[in-house]
>>> print(open('coords_25.txt').read())   # compact mmCIF, N, CA and C atoms
# COMPACT_ATOMS: atom_id res chain seq x y z
N MET A 72 103.33 84.07 155.28
CA MET A 72 102.85 84.95 156.34
C MET A 72 101.40 84.61 156.66
N ALA A 73 101.07 84.53 157.92
CA ALA A 73 99.72 84.17 158.34
C ALA A 73 98.75 85.31 158.06
N SER A 74 97.54 84.94 157.65
CA SER A 74 96.51 85.95 157.42
C SER A 74 96.00 86.47 158.76
N VAL A 75 95.23 87.53 158.70
CA VAL A 75 94.65 88.09 159.91
C VAL A 75 93.77 87.06 160.61
N PHE A 76 93.19 86.14 159.84
CA PHE A 76 92.31 85.13 160.44
C PHE A 76 93.09 83.99 161.08
N GLU A 77 94.37 83.85 160.77
CA GLU A 77 95.17 82.77 161.32
C GLU A 77 96.10 83.21 162.43
N ARG A 78 96.51 84.47 162.40
CA ARG A 78 97.60 84.89 163.27
C ARG A 78 97.27 84.86 164.76
N LEU A 79 96.07 85.17 165.17
CA LEU A 79 95.70 85.13 166.59
C LEU A 79 94.54 84.17 166.82
N SER A 80 94.59 83.03 166.13
CA SER A 80 93.42 82.16 166.09
C SER A 80 92.97 81.63 167.45
N THR A 81 93.85 81.47 168.40
CA THR A 81 93.40 80.96 169.69
C THR A 81 93.10 82.06 170.70
N GLU A 82 93.49 83.30 170.40
CA GLU A 82 93.25 84.40 171.32
C GLU A 82 91.95 85.14 171.06
N THR A 83 91.66 85.43 169.78
CA THR A 83 90.52 86.28 169.47
C THR A 83 89.50 85.63 168.54
N GLN A 84 89.74 84.41 168.08
CA GLN A 84 88.77 83.74 167.24
C GLN A 84 88.85 82.24 167.45
N GLY A 85 87.85 81.54 166.92
CA GLY A 85 87.73 80.11 167.15
C GLY A 85 86.70 79.87 168.23
N ARG A 86 86.71 78.69 168.85
CA ARG A 86 85.79 78.41 169.95
C ARG A 86 86.42 78.94 171.22
N LEU A 87 85.83 80.01 171.74
CA LEU A 87 86.39 80.63 172.93
C LEU A 87 85.32 81.34 173.74
N ALA A 88 85.70 81.73 174.92
CA ALA A 88 84.82 82.56 175.76
C ALA A 88 85.22 83.99 175.47
N PRO A 89 84.56 84.64 174.52
CA PRO A 89 85.02 85.96 174.08
C PRO A 89 84.94 87.01 175.18
N ALA A 90 85.99 87.81 175.26
CA ALA A 90 86.05 88.84 176.29
C ALA A 90 85.24 90.08 175.92
N PHE A 91 85.11 90.35 174.62
CA PHE A 91 84.50 91.61 174.20
C PHE A 91 83.13 91.45 173.55
N ALA A 92 82.76 90.24 173.20
CA ALA A 92 81.44 89.99 172.60
C ALA A 92 80.85 88.76 173.27
N PRO A 93 80.25 88.92 174.46
CA PRO A 93 79.76 87.76 175.18
C PRO A 93 78.71 86.99 174.39
N PRO A 94 78.74 85.65 174.45
CA PRO A 94 77.77 84.84 173.73
C PRO A 94 76.34 85.10 174.23
N LEU A 95 75.37 84.83 173.36
CA LEU A 95 73.98 85.07 173.72
C LEU A 95 73.49 84.18 174.85
N LEU A 96 73.69 82.87 174.73
CA LEU A 96 73.13 81.95 175.72
C LEU A 96 74.15 81.03 176.37
N GLU A 97 75.23 80.78 175.71
CA GLU A 97 76.21 79.82 176.20
C GLU A 97 77.43 80.55 176.75
N SER A 98 78.38 79.78 177.29
CA SER A 98 79.59 80.41 177.81
C SER A 98 80.68 80.49 176.76
N TYR A 99 80.49 79.81 175.62
CA TYR A 99 81.46 79.84 174.54
C TYR A 99 80.76 80.28 173.25
N ALA A 100 81.57 80.77 172.32
CA ALA A 100 81.05 81.15 171.01
C ALA A 100 82.11 80.80 169.97
N PHE A 101 81.68 80.59 168.74
CA PHE A 101 82.61 80.47 167.63
C PHE A 101 82.80 81.86 167.07
N VAL A 102 83.99 82.38 167.20
CA VAL A 102 84.28 83.74 166.75
C VAL A 102 85.05 83.64 165.43
N LEU A 103 84.46 84.21 164.38
CA LEU A 103 85.11 84.27 163.08
C LEU A 103 85.60 85.70 162.91
N GLY A 104 86.88 85.91 162.86
CA GLY A 104 87.42 87.27 162.82
C GLY A 104 88.06 87.57 164.16
N SER A 105 87.68 88.65 164.79
CA SER A 105 88.24 89.02 166.09
C SER A 105 87.16 89.66 166.94
N ASP A 106 87.18 89.36 168.22
CA ASP A 106 86.20 90.00 169.11
C ASP A 106 86.81 91.18 169.85
N ARG A 107 88.08 91.51 169.57
CA ARG A 107 88.76 92.59 170.26
C ARG A 107 88.53 93.92 169.54
N PRO A 108 87.93 94.91 170.21
CA PRO A 108 87.73 96.22 169.57
C PRO A 108 89.07 96.85 169.20
N GLY A 109 89.08 97.51 168.06
CA GLY A 109 90.29 98.21 167.63
C GLY A 109 91.23 97.39 166.78
N ASP A 110 91.00 96.06 166.65
CA ASP A 110 91.83 95.27 165.75
C ASP A 110 91.61 95.76 164.33
N VAL A 111 92.68 96.10 163.64
CA VAL A 111 92.59 96.61 162.28
C VAL A 111 93.49 95.75 161.40
N ALA A 112 93.01 95.45 160.19
CA ALA A 112 93.81 94.66 159.26
C ALA A 112 93.49 95.08 157.84
N ARG A 113 94.46 94.89 156.96
CA ARG A 113 94.22 95.12 155.53
C ARG A 113 93.77 93.79 154.94
N LEU A 114 92.61 93.81 154.30
CA LEU A 114 92.05 92.60 153.73
C LEU A 114 91.82 92.80 152.24
N ARG A 115 91.84 91.71 151.50
CA ARG A 115 91.62 91.76 150.06
C ARG A 115 90.19 91.30 149.75
N ILE A 116 89.44 92.14 149.05
CA ILE A 116 88.07 91.80 148.67
C ILE A 116 88.10 90.58 147.76
N GLY A 117 87.26 89.62 148.07
CA GLY A 117 87.17 88.41 147.27
C GLY A 117 88.16 87.34 147.67
N ALA A 118 89.12 87.66 148.53
CA ALA A 118 90.13 86.68 148.91
C ALA A 118 90.11 86.34 150.39
N GLU A 119 89.36 87.08 151.18
CA GLU A 119 89.38 86.88 152.63
C GLU A 119 88.06 86.29 153.10
N GLN A 120 88.15 85.17 153.81
CA GLN A 120 86.97 84.57 154.43
C GLN A 120 87.41 83.59 155.50
N VAL A 121 86.51 83.31 156.40
CA VAL A 121 86.69 82.25 157.38
C VAL A 121 85.46 81.39 157.33
N VAL A 122 85.65 80.11 157.60
CA VAL A 122 84.55 79.16 157.50
C VAL A 122 84.53 78.29 158.75
N LEU A 123 83.35 78.09 159.28
CA LEU A 123 83.11 77.14 160.37
C LEU A 123 82.32 76.02 159.74
N ALA A 124 82.81 74.78 159.82
CA ALA A 124 82.15 73.66 159.15
C ALA A 124 82.03 72.47 160.08
N GLN A 125 80.93 71.72 159.91
CA GLN A 125 80.73 70.48 160.66
C GLN A 125 79.94 69.53 159.79
N THR A 126 80.33 68.26 159.81
CA THR A 126 79.65 67.23 159.02
C THR A 126 78.68 66.47 159.90
N ALA A 127 77.48 66.21 159.35
CA ALA A 127 76.45 65.48 160.09
C ALA A 127 75.62 64.63 159.12
N ASP A 128 75.09 63.53 159.62
CA ASP A 128 74.19 62.70 158.83
C ASP A 128 72.81 63.34 158.88
N VAL A 129 72.29 63.73 157.72
CA VAL A 129 70.99 64.41 157.68
C VAL A 129 69.87 63.50 157.18
N THR A 130 70.15 62.21 157.03
CA THR A 130 69.14 61.27 156.55
C THR A 130 67.91 61.34 157.45
N GLY A 131 66.75 61.54 156.84
CA GLY A 131 65.49 61.57 157.58
C GLY A 131 65.15 62.91 158.20
N LEU A 132 66.04 63.88 158.12
CA LEU A 132 65.76 65.19 158.69
C LEU A 132 65.06 66.08 157.67
N LYS A 133 64.24 66.99 158.16
CA LYS A 133 63.60 67.97 157.28
C LYS A 133 64.33 69.31 157.35
N LEU A 134 64.72 69.71 158.57
CA LEU A 134 65.37 71.00 158.77
C LEU A 134 66.57 70.86 159.69
N LEU A 135 67.60 71.67 159.42
CA LEU A 135 68.68 71.89 160.38
C LEU A 135 68.43 73.27 160.96
N ARG A 136 68.35 73.37 162.26
CA ARG A 136 68.06 74.65 162.90
C ARG A 136 69.33 75.19 163.54
N PHE A 137 69.44 76.53 163.58
CA PHE A 137 70.61 77.15 164.17
C PHE A 137 70.26 78.52 164.74
N ARG A 138 71.12 78.97 165.65
CA ARG A 138 71.10 80.35 166.17
C ARG A 138 72.42 80.98 165.79
N ALA A 139 72.38 82.24 165.42
CA ALA A 139 73.62 82.92 165.03
C ALA A 139 73.59 84.37 165.50
N TYR A 140 74.75 84.83 165.88
CA TYR A 140 74.94 86.24 166.25
C TYR A 140 76.18 86.69 165.50
N ALA A 141 76.05 87.72 164.73
CA ALA A 141 77.19 88.23 163.98
C ALA A 141 77.21 89.74 164.11
N ARG A 142 78.40 90.29 164.15
CA ARG A 142 78.54 91.73 164.28
C ARG A 142 79.52 92.21 163.23
N GLY A 143 79.12 93.25 162.51
CA GLY A 143 80.02 93.84 161.51
C GLY A 143 81.13 94.62 162.20
N PRO A 144 82.15 95.00 161.45
CA PRO A 144 83.23 95.80 162.03
C PRO A 144 82.71 97.18 162.43
N ALA A 145 83.47 97.86 163.27
CA ALA A 145 83.07 99.21 163.70
C ALA A 145 82.98 100.15 162.51
N ARG A 146 83.86 99.98 161.53
CA ARG A 146 83.81 100.82 160.33
C ARG A 146 84.38 100.05 159.16
N MET A 147 84.02 100.49 157.97
CA MET A 147 84.50 99.88 156.74
C MET A 147 85.11 100.97 155.87
N PRO A 148 86.11 100.63 155.05
CA PRO A 148 86.59 101.62 154.10
C PRO A 148 85.51 101.91 153.07
N GLU A 149 85.51 103.10 152.52
CA GLU A 149 84.48 103.44 151.54
C GLU A 149 84.68 102.73 150.22
N THR A 150 85.93 102.45 149.84
CA THR A 150 86.19 101.75 148.59
C THR A 150 87.34 100.78 148.77
N GLY A 151 87.41 99.82 147.86
CA GLY A 151 88.48 98.85 147.82
C GLY A 151 88.59 98.38 146.38
N PHE A 152 89.38 97.36 146.14
CA PHE A 152 89.53 96.83 144.79
C PHE A 152 89.10 95.38 144.77
N ASP A 153 88.21 95.05 143.86
CA ASP A 153 87.66 93.72 143.71
C ASP A 153 88.68 92.86 142.96
N LEU A 154 89.24 91.84 143.62
CA LEU A 154 90.27 91.01 142.99
C LEU A 154 89.76 90.26 141.77
N ASP A 155 88.47 89.98 141.72
CA ASP A 155 87.91 89.25 140.57
C ASP A 155 87.94 90.09 139.31
N HIS A 156 88.02 91.41 139.42
CA HIS A 156 87.92 92.28 138.25
C HIS A 156 89.12 93.21 138.07
N VAL A 157 90.17 93.05 138.87
CA VAL A 157 91.31 93.97 138.77
C VAL A 157 91.97 93.90 137.40
N GLY A 158 92.12 92.70 136.83
CA GLY A 158 92.77 92.58 135.52
C GLY A 158 92.00 93.29 134.42
N ALA A 159 90.68 93.16 134.43
CA ALA A 159 89.87 93.76 133.38
C ALA A 159 89.62 95.25 133.63
N PHE A 160 89.48 95.63 134.88
CA PHE A 160 89.16 97.02 135.23
C PHE A 160 90.07 97.47 136.37
N PRO A 161 91.36 97.72 136.11
CA PRO A 161 92.29 98.00 137.20
C PRO A 161 92.00 99.27 137.99
N ASP A 162 91.25 100.19 137.43
CA ASP A 162 91.00 101.45 138.12
C ASP A 162 89.62 101.52 138.75
N VAL A 163 88.89 100.40 138.74
CA VAL A 163 87.52 100.41 139.26
C VAL A 163 87.55 100.10 140.76
N ALA A 164 87.10 101.04 141.55
CA ALA A 164 86.99 100.84 143.00
C ALA A 164 85.57 100.43 143.33
N VAL A 165 85.42 99.56 144.31
CA VAL A 165 84.10 99.07 144.70
C VAL A 165 83.91 99.28 146.20
N ALA A 166 82.67 99.30 146.63
CA ALA A 166 82.37 99.41 148.06
C ALA A 166 82.39 98.01 148.67
N PRO A 167 83.30 97.74 149.59
CA PRO A 167 83.36 96.41 150.21
C PRO A 167 82.24 96.21 151.22
N ARG A 168 81.90 94.94 151.47
CA ARG A 168 80.90 94.61 152.49
C ARG A 168 81.22 93.25 153.08
N TRP A 169 80.87 93.10 154.35
CA TRP A 169 81.02 91.82 155.03
C TRP A 169 79.74 91.04 154.85
N LEU A 170 79.88 89.76 154.48
CA LEU A 170 78.74 88.88 154.33
C LEU A 170 78.82 87.76 155.35
N PHE A 171 77.68 87.44 155.95
CA PHE A 171 77.53 86.26 156.79
C PHE A 171 76.65 85.31 155.99
N GLN A 172 77.15 84.10 155.70
CA GLN A 172 76.41 83.14 154.89
C GLN A 172 76.38 81.79 155.57
N TRP A 173 75.37 80.98 155.20
CA TRP A 173 75.28 79.63 155.72
C TRP A 173 74.76 78.71 154.62
N GLY A 174 75.15 77.44 154.72
CA GLY A 174 74.71 76.49 153.70
C GLY A 174 75.05 75.07 154.07
N VAL A 175 74.59 74.15 153.20
CA VAL A 175 74.81 72.71 153.39
C VAL A 175 75.23 72.12 152.05
N GLY A 176 76.17 71.19 152.09
CA GLY A 176 76.55 70.45 150.90
C GLY A 176 77.10 71.29 149.77
N GLY A 177 77.77 72.37 150.07
CA GLY A 177 78.37 73.21 149.05
C GLY A 177 77.46 74.30 148.50
N ALA A 178 76.16 74.26 148.84
CA ALA A 178 75.22 75.29 148.39
C ALA A 178 75.03 76.33 149.48
N ILE A 179 74.91 77.59 149.09
CA ILE A 179 74.62 78.67 150.04
C ILE A 179 73.11 78.77 150.18
N HIS A 180 72.62 78.71 151.40
CA HIS A 180 71.17 78.75 151.66
C HIS A 180 70.70 80.10 152.19
N GLY A 181 71.62 80.92 152.66
CA GLY A 181 71.23 82.23 153.16
C GLY A 181 72.41 83.17 153.24
N THR A 182 72.13 84.46 153.06
CA THR A 182 73.16 85.49 153.11
C THR A 182 72.60 86.72 153.79
N ARG A 183 73.37 87.31 154.68
CA ARG A 183 73.02 88.59 155.27
C ARG A 183 74.25 89.49 155.21
N THR A 184 74.04 90.76 154.93
CA THR A 184 75.11 91.74 154.93
C THR A 184 75.27 92.30 156.33
N LEU A 185 76.49 92.34 156.83
CA LEU A 185 76.77 92.89 158.15
C LEU A 185 77.09 94.37 158.00
N LEU A 186 76.31 95.19 158.64
CA LEU A 186 76.51 96.64 158.57
C LEU A 186 77.51 97.08 159.63
N PRO A 187 78.34 98.07 159.32
CA PRO A 187 79.32 98.54 160.31
C PRO A 187 78.67 98.95 161.62
N GLY A 188 79.23 98.43 162.71
CA GLY A 188 78.76 98.79 164.04
C GLY A 188 77.42 98.21 164.44
N ARG A 189 76.83 97.34 163.63
CA ARG A 189 75.52 96.77 163.92
C ARG A 189 75.64 95.26 164.12
N SER A 190 74.74 94.71 164.91
CA SER A 190 74.71 93.28 165.15
C SER A 190 73.59 92.63 164.36
N LEU A 191 73.81 91.40 163.96
CA LEU A 191 72.81 90.58 163.30
C LEU A 191 72.53 89.41 164.22
N VAL A 192 71.27 89.19 164.56
CA VAL A 192 70.89 88.06 165.41
C VAL A 192 69.86 87.23 164.66
N ILE A 193 70.16 85.96 164.48
CA ILE A 193 69.21 85.01 163.90
C ILE A 193 68.84 84.07 165.04
N HIS A 194 67.63 84.26 165.57
CA HIS A 194 67.19 83.47 166.73
C HIS A 194 66.79 82.05 166.36
N ASP A 195 66.22 81.87 165.18
CA ASP A 195 65.71 80.57 164.81
C ASP A 195 65.91 80.35 163.31
N GLY A 196 67.15 80.14 162.90
CA GLY A 196 67.45 79.89 161.49
C GLY A 196 67.18 78.44 161.15
N ALA A 197 66.87 78.18 159.89
CA ALA A 197 66.61 76.82 159.46
C ALA A 197 67.11 76.62 158.03
N ILE A 198 67.64 75.44 157.77
CA ILE A 198 68.08 75.06 156.44
C ILE A 198 67.30 73.81 156.04
N ASP A 199 66.65 73.84 154.89
CA ASP A 199 65.88 72.70 154.39
C ASP A 199 66.84 71.63 153.91
N VAL A 200 66.82 70.47 154.56
CA VAL A 200 67.67 69.34 154.16
C VAL A 200 66.82 68.13 153.79
N SER A 201 65.54 68.35 153.55
CA SER A 201 64.62 67.24 153.30
C SER A 201 64.97 66.45 152.03
N GLN A 202 65.67 67.07 151.09
CA GLN A 202 66.04 66.38 149.85
C GLN A 202 67.45 65.79 149.91
N LEU A 203 68.12 65.90 151.05
CA LEU A 203 69.49 65.41 151.20
C LEU A 203 69.52 64.14 152.05
N THR A 204 70.51 63.28 151.82
CA THR A 204 70.71 62.09 152.63
C THR A 204 72.19 61.92 152.92
N GLY A 205 72.49 61.13 153.93
CA GLY A 205 73.87 60.83 154.26
C GLY A 205 74.59 61.99 154.92
N SER A 206 75.91 61.88 154.96
CA SER A 206 76.74 62.91 155.60
C SER A 206 76.79 64.16 154.71
N GLN A 207 76.49 65.28 155.31
CA GLN A 207 76.54 66.57 154.62
C GLN A 207 77.31 67.54 155.50
N THR A 208 77.99 68.48 154.88
CA THR A 208 78.76 69.47 155.63
C THR A 208 77.96 70.77 155.72
N VAL A 209 77.75 71.21 156.95
CA VAL A 209 77.08 72.48 157.23
C VAL A 209 78.19 73.52 157.40
N ARG A 210 78.04 74.66 156.71
CA ARG A 210 79.08 75.69 156.76
C ARG A 210 78.50 77.06 157.08
N PHE A 211 79.25 77.81 157.88
CA PHE A 211 78.95 79.22 158.15
C PHE A 211 80.17 80.01 157.69
N TYR A 212 79.94 81.06 156.92
CA TYR A 212 81.02 81.84 156.32
C TYR A 212 80.95 83.29 156.81
N LEU A 213 82.10 83.89 156.96
CA LEU A 213 82.23 85.33 157.13
C LEU A 213 83.22 85.73 156.04
N LYS A 214 82.75 86.56 155.09
CA LYS A 214 83.62 86.89 153.96
C LYS A 214 83.51 88.34 153.57
N LEU A 215 84.60 88.84 153.02
CA LEU A 215 84.64 90.21 152.50
C LEU A 215 84.36 90.14 151.01
N SER A 216 83.35 90.87 150.57
CA SER A 216 82.90 90.80 149.19
C SER A 216 82.72 92.19 148.61
N ALA A 217 82.59 92.26 147.29
CA ALA A 217 82.34 93.53 146.60
C ALA A 217 80.85 93.70 146.37
>>> encode(input="coords_25.txt", output="structure tokens")
Amino acid sequence: MASVFERLSTETQGRLAPAFAPPLLESYAFVLGSDRPGDVARLRIGAEQVVLAQTADVTGLKLLRFRAYARGPARMPETGFDLDHVGAFPDVAVAPRWLFQWGVGGAIHGTRTLLPGRSLVIHDGAIDVSQLTGSQTVRFYLKLSA
């Protein structure tokens, strides 16, 4: 069965001209999740994420710069169950949160928590790549965490 992130991938997520969350400067945006208000899904903490990745040669570069706009869901459940700890603590409920993260070469370089109903705008983000050479993969993550 397709996950919520796969089932409508060409309609409400991916590279598209979003109908409900217009891009800041361009006519297209990479939508991770859904831009349609009212979409509801059951997600598992620690198991749900989407990743946007691109490989580039960073030889000779000092910084990779980016702009990002992320919006948390309209609301979040107050508690959920952390899959990493269910076996050890089956009755422990945790407060879930959406994280927006970015990184290069498998390392996470930044993390922001997305608050329900609020937008996050990074006008001039930068990742230090001065110690890296060759092809490196730049990744942006949207994940549900405890």
>>> atom_distance(input="coords_25.txt", atom1="atom N of Ala139 of chain A", atom2="atom C of Ile179 of chain A")
15.6 Å
>>> closest_residue(input="coords_25.txt", among="A:Phe211, A:Ala141, A:Ser206, A:Met147", to="Leu191 of chain A", atoms="all atoms listed in the file")
A:Ala141
>>> atom_distance(input="coords_25.txt", atom1="atom CA of Leu170 of chain A", atom2="atom CA of Val209 of chain A")
16.7 Å
>>> closest_residue(input="coords_25.txt", among="A:Leu132, A:Val175, A:Gly188, A:Pro167", to="Ile116 of chain A", atoms="all atoms listed in the file")
A:Pro167
>>> residues_around(input="coords_25.txt", residues="Thr208 of chain A", least_positions_apart="3", cutoff="6 Å", atoms="all atoms listed in the file", output="ChimeraX atom specification")
/A:125-127,174-177
>>> write_last_selection(input="coords_25.txt", atoms="N, CA and C atoms", output="short mmCIF file (atom, residue, chain, number, x, y, z; two decimals), keeping the file's coordinate frame")
data_model
loop_
_atom_site.label_atom_id
_atom_site.label_comp_id
_atom_site.auth_asym_id
_atom_site.auth_seq_id
_atom_site.Cartn_x
_atom_site.Cartn_y
_atom_site.Cartn_z
N GLN A 125 80.93 71.72 159.91
CA GLN A 125 80.73 70.48 160.66
C GLN A 125 79.94 69.53 159.79
N THR A 126 80.33 68.26 159.81
CA THR A 126 79.65 67.23 159.02
C THR A 126 78.68 66.47 159.90
N ALA A 127 77.48 66.21 159.35
CA ALA A 127 76.45 65.48 160.09
C ALA A 127 75.62 64.63 159.12
N GLY A 174 75.15 77.44 154.72
CA GLY A 174 74.71 76.49 153.70
C GLY A 174 75.05 75.07 154.07
N VAL A 175 74.59 74.15 153.20
CA VAL A 175 74.81 72.71 153.39
C VAL A 175 75.23 72.12 152.05
N GLY A 176 76.17 71.19 152.09
CA GLY A 176 76.55 70.45 150.90
C GLY A 176 77.10 71.29 149.77
N GLY A 177 77.77 72.37 150.07
CA GLY A 177 78.37 73.21 149.05
C GLY A 177 77.46 74.30 148.50
#
>>> atom_distance(input="coords_25.txt", atom1="atom C of Asp195 of chain A", atom2="atom CA of Arg136 of chain A")
6.1 Å
>>> closest_residue(input="coords_25.txt", among="A:Arg189, A:Trp173, A:Glu119, A:Asp110", to="Lys214 of chain A", atoms="only N, CA and C atoms")
A:Glu119
>>> closest_residue(input="coords_25.txt", among="A:Ile198, A:Ala118, A:Ala166, A:Ile193", to="Arg210 of chain A", atoms="only C-alpha atoms")
A:Ile198
>>> closest_residue(input="coords_25.txt", among="A:Ala145, A:Pro108, A:Arg115, A:Thr130", to="Gln207 of chain A", atoms="only N, CA and C atoms")
A:Thr130
>>> residues_around(input="coords_25.txt", residues="Gly143 of chain A", least_positions_apart="5", cutoff="8 Å", atoms="only C-alpha atoms", output="ChimeraX atom specification")
/A:169,185-190
